[in-house]
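Asks: Pasting coords29.pdb below, which is PDB, C-alpha atoms, pLDDT in the B column.
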```pdb
ATOM      1  CA  MET S   1       0.000   0.000   0.000  1.00 53.00           C
ATOM      2  CA  LEU S   2       1.393   3.396  -0.989  1.00 60.00           C
ATOM      3  CA  THR S   3       0.934   6.473   1.140  1.00 72.00           C
ATOM      4  CA  GLN S   4       2.102  10.028   0.706  1.00 81.00           C
ATOM      5  CA  VAL S   5       4.663  11.358   3.165  1.00 83.00           C
ATOM      6  CA  PRO S   6       3.825  14.837   4.543  1.00 85.00           C
ATOM      7  CA  SER S   7       6.084  17.671   3.440  1.00 86.00           C
ATOM      8  CA  LEU S   8       8.700  19.104   5.803  1.00 89.00           C
ATOM      9  CA  PRO S   9       6.763  22.384   6.389  1.00 90.00           C
ATOM     10  CA  ALA S  10       3.666  20.352   7.332  1.00 91.00           C
ATOM     11  CA  ARG S  11       5.629  18.283   9.833  1.00 92.00           C
ATOM     12  CA  LEU S  12       7.337  21.363  11.300  1.00 94.00           C
ATOM     13  CA  CYS S  13       4.045  23.257  11.745  1.00 94.00           C
ATOM     14  CA  PHE S  14       2.489  20.215  13.419  1.00 94.00           C
ATOM     15  CA  LEU S  15       5.459  19.807  15.776  1.00 95.00           C
ATOM     16  CA  ALA S  16       5.421  23.532  16.578  1.00 96.00           C
ATOM     17  CA  ALA S  17       1.726  23.314  17.531  1.00 95.00           C
ATOM     18  CA  ALA S  18       2.379  20.264  19.735  1.00 95.00           C
ATOM     19  CA  ALA S  19       5.324  21.996  21.433  1.00 95.00           C
ATOM     20  CA  LEU S  20       3.222  25.137  21.944  1.00 94.00           C
ATOM     21  CA  CYS S  21       0.583  23.024  23.741  1.00 93.00           C
ATOM     22  CA  ILE S  22       3.181  21.781  26.208  1.00 94.00           C
ATOM     23  CA  LEU S  23       4.658  25.267  26.670  1.00 93.00           C
ATOM     24  CA  ILE S  24       1.182  26.662  27.388  1.00 90.00           C
ATOM     25  CA  PHE S  25       0.706  24.005  30.074  1.00 92.00           C
ATOM     26  CA  ILE S  26       4.068  24.908  31.649  1.00 93.00           C
ATOM     27  CA  GLY S  27       3.282  28.637  31.606  1.00 89.00           C
ATOM     28  CA  HIS S  28      -0.272  28.117  32.861  1.00 85.00           C
ATOM     29  CA  SER S  29       0.948  25.897  35.711  1.00 89.00           C
ATOM     30  CA  PHE S  30       3.633  28.408  36.692  1.00 90.00           C
ATOM     31  CA  VAL S  31       1.051  31.186  36.936  1.00 85.00           C
ATOM     32  CA  LEU S  32      -1.328  29.015  38.978  1.00 85.00           C
ATOM     33  CA  MET S  33       1.409  28.260  41.513  1.00 87.00           C
ATOM     34  CA  GLN S  34       2.080  31.955  42.168  1.00 84.00           C
ATOM     35  CA  PRO S  35       0.698  33.360  45.428  1.00 80.00           C
ATOM     36  CA  THR S  36      -2.277  35.675  45.272  1.00 75.00           C
ATOM     37  CA  GLY S  37      -1.297  39.328  45.103  1.00 74.00           C
ATOM     38  CA  THR S  38      -2.122  41.891  47.746  1.00 80.00           C
ATOM     39  CA  PRO S  39      -5.582  43.450  47.548  1.00 79.00           C
ATOM     40  CA  LEU S  40      -5.829  46.903  45.999  1.00 84.00           C
ATOM     41  CA  ASP S  41      -8.346  48.243  48.521  1.00 87.00           C
ATOM     42  CA  ASP S  42     -10.814  47.113  51.209  1.00 88.00           C
ATOM     43  CA  THR S  43     -13.476  46.060  48.713  1.00 88.00           C
ATOM     44  CA  HIS S  44     -10.993  43.927  46.825  1.00 84.00           C
ATOM     45  CA  ALA S  45      -9.827  42.346  50.110  1.00 86.00           C
ATOM     46  CA  GLN S  46     -13.446  41.538  51.059  1.00 88.00           C
ATOM     47  CA  LEU S  47     -14.078  39.938  47.657  1.00 84.00           C
ATOM     48  CA  LEU S  48     -10.945  37.797  47.912  1.00 84.00           C
ATOM     49  CA  LYS S  49     -11.875  36.701  51.439  1.00 86.00           C
ATOM     50  CA  LEU S  50     -15.409  35.888  50.309  1.00 84.00           C
ATOM     51  CA  ALA S  51     -14.123  33.864  47.340  1.00 82.00           C
ATOM     52  CA  ASP S  52     -11.818  31.925  49.690  1.00 82.00           C
ATOM     53  CA  THR S  53     -14.285  31.263  52.511  1.00 84.00           C
ATOM     54  CA  TYR S  54     -17.926  31.339  51.327  1.00 82.00           C
ATOM     55  CA  PRO S  55     -19.093  27.752  50.700  1.00 83.00           C
ATOM     56  CA  LEU S  56     -21.108  27.243  47.513  1.00 79.00           C
ATOM     57  CA  PRO S  57     -23.457  24.263  47.746  1.00 78.00           C
ATOM     58  CA  LEU S  58     -23.056  21.679  44.981  1.00 75.00           C
ATOM     59  CA  PRO S  59     -25.820  19.466  43.594  1.00 77.00           C
ATOM     60  CA  VAL S  60     -24.359  16.511  45.522  1.00 75.00           C
ATOM     61  CA  PRO S  61     -25.766  16.576  49.083  1.00 76.00           C
ATOM     62  CA  GLY S  62     -23.197  17.517  51.714  1.00 72.00           C
ATOM     63  CA  HIS S  63     -20.565  18.827  49.288  1.00 78.00           C
ATOM     64  CA  THR S  64     -19.513  22.453  49.129  1.00 80.00           C
ATOM     65  CA  ARG S  65     -16.667  24.267  47.417  1.00 81.00           C
ATOM     66  CA  THR S  66     -15.508  27.862  47.502  1.00 82.00           C
ATOM     67  CA  MET S  67     -15.333  29.997  44.376  1.00 81.00           C
ATOM     68  CA  THR S  68     -11.529  29.928  44.592  1.00 81.00           C
ATOM     69  CA  GLU S  69     -11.524  26.108  44.624  1.00 82.00           C
ATOM     70  CA  ILE S  70     -13.863  25.957  41.624  1.00 80.00           C
ATOM     71  CA  THR S  71     -11.927  28.444  39.500  1.00 81.00           C
ATOM     72  CA  THR S  72      -8.562  26.934  40.439  1.00 82.00           C
ATOM     73  CA  GLY S  73      -9.800  23.452  39.567  1.00 83.00           C
ATOM     74  CA  PHE S  74     -11.113  24.679  36.233  1.00 84.00           C
ATOM     75  CA  SER S  75      -7.789  26.394  35.535  1.00 83.00           C
ATOM     76  CA  TRP S  76      -5.813  23.228  36.257  1.00 87.00           C
ATOM     77  CA  HIS S  77      -8.166  21.230  34.040  1.00 88.00           C
ATOM     78  CA  TYR S  78      -7.732  23.757  31.227  1.00 85.00           C
ATOM     79  CA  GLY S  79      -3.941  23.549  31.491  1.00 87.00           C
ATOM     80  CA  PHE S  80      -3.871  19.753  31.659  1.00 92.00           C
ATOM     81  CA  SER S  81      -6.048  19.527  28.555  1.00 91.00           C
ATOM     82  CA  TYR S  82      -3.296  21.366  26.666  1.00 91.00           C
ATOM     83  CA  LEU S  83      -0.706  18.948  28.060  1.00 94.00           C
ATOM     84  CA  VAL S  84      -2.747  15.905  27.019  1.00 94.00           C
ATOM     85  CA  MET S  85      -3.235  17.343  23.543  1.00 93.00           C
ATOM     86  CA  GLY S  86       0.480  18.117  23.148  1.00 94.00           C
ATOM     87  CA  VAL S  87       1.672  14.727  24.404  1.00 95.00           C
ATOM     88  CA  ALA S  88      -0.911  12.914  22.259  1.00 94.00           C
ATOM     89  CA  ALA S  89       0.169  14.918  19.211  1.00 94.00           C
ATOM     90  CA  LEU S  90       3.836  14.101  19.783  1.00 94.00           C
ATOM     91  CA  THR S  91       3.025  10.424  20.360  1.00 94.00           C
ATOM     92  CA  LEU S  92       0.845  10.119  17.253  1.00 93.00           C
ATOM     93  CA  TYR S  93       3.368  12.091  15.213  1.00 92.00           C
ATOM     94  CA  ARG S  94       5.611   9.012  15.096  1.00 91.00           C
ATOM     95  CA  ARG S  95       3.048   7.403  12.780  1.00 89.00           C
ATOM     96  CA  ALA S  96       1.764  10.582  11.106  1.00 89.00           C
ATOM     97  CA  ARG S  97       5.195  11.659   9.857  1.00 87.00           C
ATOM     98  CA  HIS S  98       4.936   8.843   7.304  1.00 87.00           C
ATOM     99  CA  ASP S  99       1.280   9.374   6.337  1.00 88.00           C
ATOM    100  CA  ALA S 100      -0.039  12.731   5.075  1.00 88.00           C
ATOM    101  CA  SER S 101      -3.702  11.753   5.430  1.00 89.00           C
ATOM    102  CA  LEU S 102      -3.222  10.805   9.096  1.00 91.00           C
ATOM    103  CA  LEU S 103      -1.368  14.071   9.746  1.00 92.00           C
ATOM    104  CA  ARG S 104      -4.221  15.998   8.103  1.00 93.00           C
ATOM    105  CA  THR S 105      -6.774  14.154  10.247  1.00 93.00           C
ATOM    106  CA  LEU S 106      -4.812  14.956  13.403  1.00 94.00           C
ATOM    107  CA  CYS S 107      -4.622  18.594  12.294  1.00 94.00           C
ATOM    108  CA  PHE S 108      -8.400  18.785  11.885  1.00 95.00           C
ATOM    109  CA  LEU S 109      -8.948  17.196  15.304  1.00 94.00           C
ATOM    110  CA  GLY S 110      -6.470  19.658  16.815  1.00 94.00           C
ATOM    111  CA  ILE S 111      -8.157  22.594  15.096  1.00 95.00           C
ATOM    112  CA  GLY S 112     -11.473  21.492  16.598  1.00 95.00           C
ATOM    113  CA  ALA S 113      -9.998  21.203  20.097  1.00 92.00           C
ATOM    114  CA  CYS S 114      -8.141  24.528  19.804  1.00 92.00           C
ATOM    115  CA  THR S 115     -11.312  26.238  18.601  1.00 94.00           C
ATOM    116  CA  ILE S 116     -13.036  25.071  21.784  1.00 91.00           C
ATOM    117  CA  TYR S 117     -10.038  26.282  23.846  1.00 87.00           C
ATOM    118  CA  ALA S 118     -10.123  29.656  22.074  1.00 89.00           C
ATOM    119  CA  CYS S 119     -13.857  30.086  22.719  1.00 89.00           C
ATOM    120  CA  ILE S 120     -13.471  29.193  26.400  1.00 85.00           C
ATOM    121  CA  SER S 121     -10.499  31.495  26.877  1.00 83.00           C
ATOM    122  CA  PHE S 122     -12.187  34.314  24.970  1.00 84.00           C
ATOM    123  CA  ARG S 123     -15.227  34.029  27.229  1.00 81.00           C
ATOM    124  CA  TYR S 124     -13.505  33.576  30.604  1.00 75.00           C
ATOM    125  CA  PHE S 125      -9.845  34.560  30.371  1.00 71.00           C
ATOM    126  CA  PHE S 126      -7.532  37.061  28.774  1.00 75.00           C
ATOM    127  CA  ALA S 127      -5.642  37.706  25.559  1.00 81.00           C
ATOM    128  CA  PHE S 128      -2.685  35.368  26.071  1.00 82.00           C
ATOM    129  CA  PRO S 129      -4.597  32.045  26.246  1.00 82.00           C
ATOM    130  CA  THR S 130      -6.865  33.141  23.384  1.00 87.00           C
ATOM    131  CA  GLY S 131      -3.896  34.234  21.285  1.00 89.00           C
ATOM    132  CA  SER S 132      -2.094  30.964  22.004  1.00 89.00           C
ATOM    133  CA  ALA S 133      -5.096  28.887  20.942  1.00 90.00           C
ATOM    134  CA  VAL S 134      -5.502  30.940  17.763  1.00 93.00           C
ATOM    135  CA  THR S 135      -1.772  30.530  17.034  1.00 94.00           C
ATOM    136  CA  MET S 136      -2.181  26.752  17.330  1.00 93.00           C
ATOM    137  CA  ILE S 137      -5.190  26.877  15.004  1.00 95.00           C
ATOM    138  CA  VAL S 138      -3.081  28.740  12.424  1.00 96.00           C
ATOM    139  CA  LEU S 139      -0.150  26.310  12.791  1.00 95.00           C
ATOM    140  CA  LEU S 140      -2.414  23.270  12.453  1.00 95.00           C
ATOM    141  CA  ALA S 141      -4.235  24.800   9.478  1.00 95.00           C
ATOM    142  CA  LEU S 142      -0.883  25.453   7.800  1.00 94.00           C
ATOM    143  CA  ALA S 143       0.208  21.880   8.542  1.00 94.00           C
ATOM    144  CA  ALA S 144      -3.015  20.570   6.979  1.00 92.00           C
ATOM    145  CA  ILE S 145      -2.556  22.770   3.898  1.00 91.00           C
ATOM    146  CA  PHE S 146       1.116  21.852   3.498  1.00 90.00           C
ATOM    147  CA  SER S 147       0.304  18.163   3.917  1.00 88.00           C
ATOM    148  CA  LEU S 148      -1.861  18.366   0.791  1.00 84.00           C
ATOM    149  CA  ARG S 149       1.280  18.982  -1.252  1.00 76.00           C
ATOM    150  CA  GLY S 150       3.065  16.156   0.484  1.00 59.00           C
ATOM    151  CA  GLY S 151       6.380  14.599  -0.261  1.00 59.00           C
ATOM    152  CA  PRO S 152       7.316  11.333  -1.962  1.00 57.00           C
ATOM    153  CA  HIS S 153       5.145   8.237  -1.862  1.00 56.00           C
ATOM    154  CA  LYS S 154       6.221   5.515   0.508  1.00 59.00           C
ATOM    155  CA  LYS S 155       5.200   1.895   0.744  1.00 57.00           C
ATOM    156  CA  LEU S 156       3.776   0.992   4.136  1.00 54.00           C
ATOM    157  CA  ALA S 157       4.559  -2.385   5.660  1.00 55.00           C
ATOM    158  CA  THR S 158       1.419  -4.496   5.821  1.00 53.00           C
TER
END
```
Do you think you could lay out the structure here as structure tokens?

Replies:
Amino acid sequence: MLTQVPSLPARLCFLAAAALCILIFIGHSFVLMQPTGTPLDDTHAQLLKLADTYPLPLPVPGHTRTMTEITTGFSWHYGFSYLVMGVAALTLYRRARHDASLLRTLCFLGIGACTIYACISFRYFFAFPTGSAVTMIVLLALAAIFSLRGGPHKKLAT
């Protein structure tokens, strides 16, 4: 069975997107481990104390969480999803570097995931996470476009 090998620019764009996922996780984790800054005024101090201490009831009887616990948990989940995507991309790249159609499929899956990340970060976060997700979308789109040109055909072992 013959398959087309992805071109070098396609492989480089895909690897850059995978590396960016892991770098985003590292940066996101570093920021989450930083201590909370000092309040700007009394109102800000009251809001921080309320977010740290006021228990929000959950639908499960007997379980409560504070707003700080909920937002921190969501932030860790968001960062780990980037890590999982980056590690999965690097792992699957071993096979995709020999098959342009598989690389294109992985690019489309990554574009879908990054679009979800971009929408979430646009709604709840700031410019850096949104810009990073959009950068990954561009890199994966370029990888998909470059993989259409492809390189030489290669016979796959069956």

Asks: Starting from the PyMOL selection byres ((chain S and resi 32) around 8), expand the selection into actual residues of this file and give them as JSON, numbers by chain.

Replies: {"S": [28, 29, 30, 31, 33, 34, 72, 75, 76]}

Asks: Rounded to one decimal, what separation in Å do you get between CA of Gly73 (chain S) and CA of Phe25 (chain S)?

Replies: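 CA of Phe25 (chain S) lies 14.2 Å from CA of Gly73 (chain S).
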
Asks: Using all atoms listed in the file, pick whichever of S:Leu90, S:Val84, S:Leu139, S:Leu47 has the shortest atom-to-atom distance to Cys107 (chain S).

Replies: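 Of all the options, S:Leu139 lies closest to Cys107 (chain S).
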
Asks: How far is it from CA of Thr105 (chain S) to CA of Tyr82 (chain S), in Å with one decimal?

Replies: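 Computed distance, CA of Thr105 (chain S) to CA of Tyr82 (chain S), equals 18.3 Å.
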
Asks: When the PyMOL selection byres ((chain S and resi 8) around 10) is applied to the file above, which residues end up in the set, as a list of chain:residue names?

Replies: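 Listing what the PyMOL selection byres ((chain S and resi 8) around 10) selects in the shown file: S:Val5, S:Pro6, S:Ser7, S:Pro9, S:Ala10, S:Arg11, S:Leu12, S:Cys13, S:Phe14, S:Arg97, S:Ala143, S:Phe146, S:Ser147, S:Gly150, S:Gly151.
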
Asks: Generate the output file for the selected residues, C-alpha atoms, as an mmCIF file, in the coordinates of the input.

Replies:
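Written out: again-v8.cif:
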```cif
data_model
loop_
_atom_site.group_PDB
_atom_site.id
_atom_site.type_symbol
_atom_site.label_atom_id
_atom_site.label_comp_id
_atom_site.auth_asym_id
_atom_site.auth_seq_id
_atom_site.Cartn_x
_atom_site.Cartn_y
_atom_site.Cartn_z
ATOM 1 C CA VAL S 5 4.663 11.358 3.165
ATOM 2 C CA PRO S 6 3.825 14.837 4.543
ATOM 3 C CA SER S 7 6.084 17.671 3.440
ATOM 4 C CA PRO S 9 6.763 22.384 6.389
ATOM 5 C CA ALA S 10 3.666 20.352 7.332
ATOM 6 C CA ARG S 11 5.629 18.283 9.833
ATOM 7 C CA LEU S 12 7.337 21.363 11.300
ATOM 8 C CA CYS S 13 4.045 23.257 11.745
ATOM 9 C CA PHE S 14 2.489 20.215 13.419
ATOM 10 C CA ARG S 97 5.195 11.659 9.857
ATOM 11 C CA ALA S 143 0.208 21.880 8.542
ATOM 12 C CA PHE S 146 1.116 21.852 3.498
ATOM 13 C CA SER S 147 0.304 18.163 3.917
ATOM 14 C CA GLY S 150 3.065 16.156 0.484
ATOM 15 C CA GLY S 151 6.380 14.599 -0.261
#
```

Asks: Find the residues around Leu20 (chain S) up to 8 Å (all atoms listed in the file counted), leave out those fewer than 6 positions away in its own chain, and share them as a ChimeraX atom specification.

Replies: /S:86,132,136

Asks: Mind dumping the selected residues with C-alpha atoms as a short mmCIF file (atom, residue, chain, number, x, y, z; two decimals), keeping the file's coordinate frame?

Replies:
```cif
data_model
loop_
_atom_site.label_atom_id
_atom_site.label_comp_id
_atom_site.auth_asym_id
_atom_site.auth_seq_id
_atom_site.Cartn_x
_atom_site.Cartn_y
_atom_site.Cartn_z
CA GLY S 86 0.48 18.12 23.15
CA SER S 132 -2.09 30.96 22.00
CA MET S 136 -2.18 26.75 17.33
#
```

Asks: Please return, as a PyMOL selection string, all polymer residues that have at least one atom within 9 Å of the point (1.7, 20.0, 25.8); use all atoms listed in the file and the file's own coordinate frame.

Replies: chain S and resi 17-26+79-90

Asks: Just say which residues the PyMOL selection byres ((chain S and resi 121) around 12) picks in this file, as a list in words.

Replies: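 On the file shown, the PyMOL selection byres ((chain S and resi 121) around 12) covers Phe74, Ser75, Tyr78, Gly79, Cys114, Thr115, Ile116, Tyr117, Ala118, Cys119, Ile120, Phe122, Arg123, Tyr124, Phe125, Phe126, Ala127, Phe128, Pro129, Thr130, Gly131, Ser132, Ala133 and Val134 of chain S.
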
Asks: Put a box with edges along x, y and z around all the listed atoms of region 55-60 of chain S, pad it by 8 Å on each side, then give me its centre and sizes in Å, one decimal, as JSON.

Replies:
```
{"center_x": -22.5, "center_y": 22.1, "center_z": 47.1, "size_x": 22.7, "size_y": 27.2, "size_z": 23.1}
```

Asks: Record the distance separating CA of Tyr93 (chain S) and CA of Gly110 (chain S), expressed in Å with one decimal.

Replies: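 Separation between CA of Tyr93 (chain S) and CA of Gly110 (chain S): 12.5 Å.
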
Asks: Anything within 10 Å of (-1.6, 8.6, 5.6): list those residues as a list in words, counting only C-alpha atoms and sticking to the file's coordinates.

Replies: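 Every polymer residue passing the test: Leu2, Thr3, Gln4, Val5, Pro6, Arg95, Ala96, Arg97, His98, Asp99, Ala100, Ser101, Leu102, Leu103, Arg104, Thr105, Ser147, Lys154 and Leu156 of chain S.
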
Asks: If we count only C-alpha atoms and set the cut-off at 7 Å, which residues sit around region 49-51 of chain S, ignoring sequence neighbours fewer than 2 positions away in its own chain? Please answer as a PyMOL selection string.

Replies: chain S and resi 45-47+53-54+66-68

Asks: Compare S:His77, S:Arg94, S:Leu40, S:Asp52 by their minimum atom-to-atom distance to Arg65 (chain S), counting all atoms listed in the file, and give me the closest one.

Replies: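 Closest residue, counting all atoms listed in the file: S:Asp52.
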
Asks: Could you pull region 36-144 of chain S out of the structure just shown and give C-alpha atoms as a short mmCIF file (atom, residue, chain, number, x, y, z; two decimals), in the first residue's frame?

Replies:
```
data_model
loop_
_atom_site.label_atom_id
_atom_site.label_comp_id
_atom_site.auth_asym_id
_atom_site.auth_seq_id
_atom_site.Cartn_x
_atom_site.Cartn_y
_atom_site.Cartn_z
CA THR S 36 -2.28 35.68 45.27
CA GLY S 37 -1.30 39.33 45.10
CA THR S 38 -2.12 41.89 47.75
CA PRO S 39 -5.58 43.45 47.55
CA LEU S 40 -5.83 46.90 46.00
CA ASP S 41 -8.35 48.24 48.52
CA ASP S 42 -10.81 47.11 51.21
CA THR S 43 -13.48 46.06 48.71
CA HIS S 44 -10.99 43.93 46.83
CA ALA S 45 -9.83 42.35 50.11
CA GLN S 46 -13.45 41.54 51.06
CA LEU S 47 -14.08 39.94 47.66
CA LEU S 48 -10.95 37.80 47.91
CA LYS S 49 -11.87 36.70 51.44
CA LEU S 50 -15.41 35.89 50.31
CA ALA S 51 -14.12 33.86 47.34
CA ASP S 52 -11.82 31.92 49.69
CA THR S 53 -14.28 31.26 52.51
CA TYR S 54 -17.93 31.34 51.33
CA PRO S 55 -19.09 27.75 50.70
CA LEU S 56 -21.11 27.24 47.51
CA PRO S 57 -23.46 24.26 47.75
CA LEU S 58 -23.06 21.68 44.98
CA PRO S 59 -25.82 19.47 43.59
CA VAL S 60 -24.36 16.51 45.52
CA PRO S 61 -25.77 16.58 49.08
CA GLY S 62 -23.20 17.52 51.71
CA HIS S 63 -20.56 18.83 49.29
CA THR S 64 -19.51 22.45 49.13
CA ARG S 65 -16.67 24.27 47.42
CA THR S 66 -15.51 27.86 47.50
CA MET S 67 -15.33 30.00 44.38
CA THR S 68 -11.53 29.93 44.59
CA GLU S 69 -11.52 26.11 44.62
CA ILE S 70 -13.86 25.96 41.62
CA THR S 71 -11.93 28.44 39.50
CA THR S 72 -8.56 26.93 40.44
CA GLY S 73 -9.80 23.45 39.57
CA PHE S 74 -11.11 24.68 36.23
CA SER S 75 -7.79 26.39 35.54
CA TRP S 76 -5.81 23.23 36.26
CA HIS S 77 -8.17 21.23 34.04
CA TYR S 78 -7.73 23.76 31.23
CA GLY S 79 -3.94 23.55 31.49
CA PHE S 80 -3.87 19.75 31.66
CA SER S 81 -6.05 19.53 28.56
CA TYR S 82 -3.30 21.37 26.67
CA LEU S 83 -0.71 18.95 28.06
CA VAL S 84 -2.75 15.90 27.02
CA MET S 85 -3.24 17.34 23.54
CA GLY S 86 0.48 18.12 23.15
CA VAL S 87 1.67 14.73 24.40
CA ALA S 88 -0.91 12.91 22.26
CA ALA S 89 0.17 14.92 19.21
CA LEU S 90 3.84 14.10 19.78
CA THR S 91 3.02 10.42 20.36
CA LEU S 92 0.84 10.12 17.25
CA TYR S 93 3.37 12.09 15.21
CA ARG S 94 5.61 9.01 15.10
CA ARG S 95 3.05 7.40 12.78
CA ALA S 96 1.76 10.58 11.11
CA ARG S 97 5.20 11.66 9.86
CA HIS S 98 4.94 8.84 7.30
CA ASP S 99 1.28 9.37 6.34
CA ALA S 100 -0.04 12.73 5.07
CA SER S 101 -3.70 11.75 5.43
CA LEU S 102 -3.22 10.80 9.10
CA LEU S 103 -1.37 14.07 9.75
CA ARG S 104 -4.22 16.00 8.10
CA THR S 105 -6.77 14.15 10.25
CA LEU S 106 -4.81 14.96 13.40
CA CYS S 107 -4.62 18.59 12.29
CA PHE S 108 -8.40 18.78 11.89
CA LEU S 109 -8.95 17.20 15.30
CA GLY S 110 -6.47 19.66 16.81
CA ILE S 111 -8.16 22.59 15.10
CA GLY S 112 -11.47 21.49 16.60
CA ALA S 113 -10.00 21.20 20.10
CA CYS S 114 -8.14 24.53 19.80
CA THR S 115 -11.31 26.24 18.60
CA ILE S 116 -13.04 25.07 21.78
CA TYR S 117 -10.04 26.28 23.85
CA ALA S 118 -10.12 29.66 22.07
CA CYS S 119 -13.86 30.09 22.72
CA ILE S 120 -13.47 29.19 26.40
CA SER S 121 -10.50 31.49 26.88
CA PHE S 122 -12.19 34.31 24.97
CA ARG S 123 -15.23 34.03 27.23
CA TYR S 124 -13.50 33.58 30.60
CA PHE S 125 -9.84 34.56 30.37
CA PHE S 126 -7.53 37.06 28.77
CA ALA S 127 -5.64 37.71 25.56
CA PHE S 128 -2.68 35.37 26.07
CA PRO S 129 -4.60 32.04 26.25
CA THR S 130 -6.86 33.14 23.38
CA GLY S 131 -3.90 34.23 21.29
CA SER S 132 -2.09 30.96 22.00
CA ALA S 133 -5.10 28.89 20.94
CA VAL S 134 -5.50 30.94 17.76
CA THR S 135 -1.77 30.53 17.03
CA MET S 136 -2.18 26.75 17.33
CA ILE S 137 -5.19 26.88 15.00
CA VAL S 138 -3.08 28.74 12.42
CA LEU S 139 -0.15 26.31 12.79
CA LEU S 140 -2.41 23.27 12.45
CA ALA S 141 -4.24 24.80 9.48
CA LEU S 142 -0.88 25.45 7.80
CA ALA S 143 0.21 21.88 8.54
CA ALA S 144 -3.01 20.57 6.98
#
```
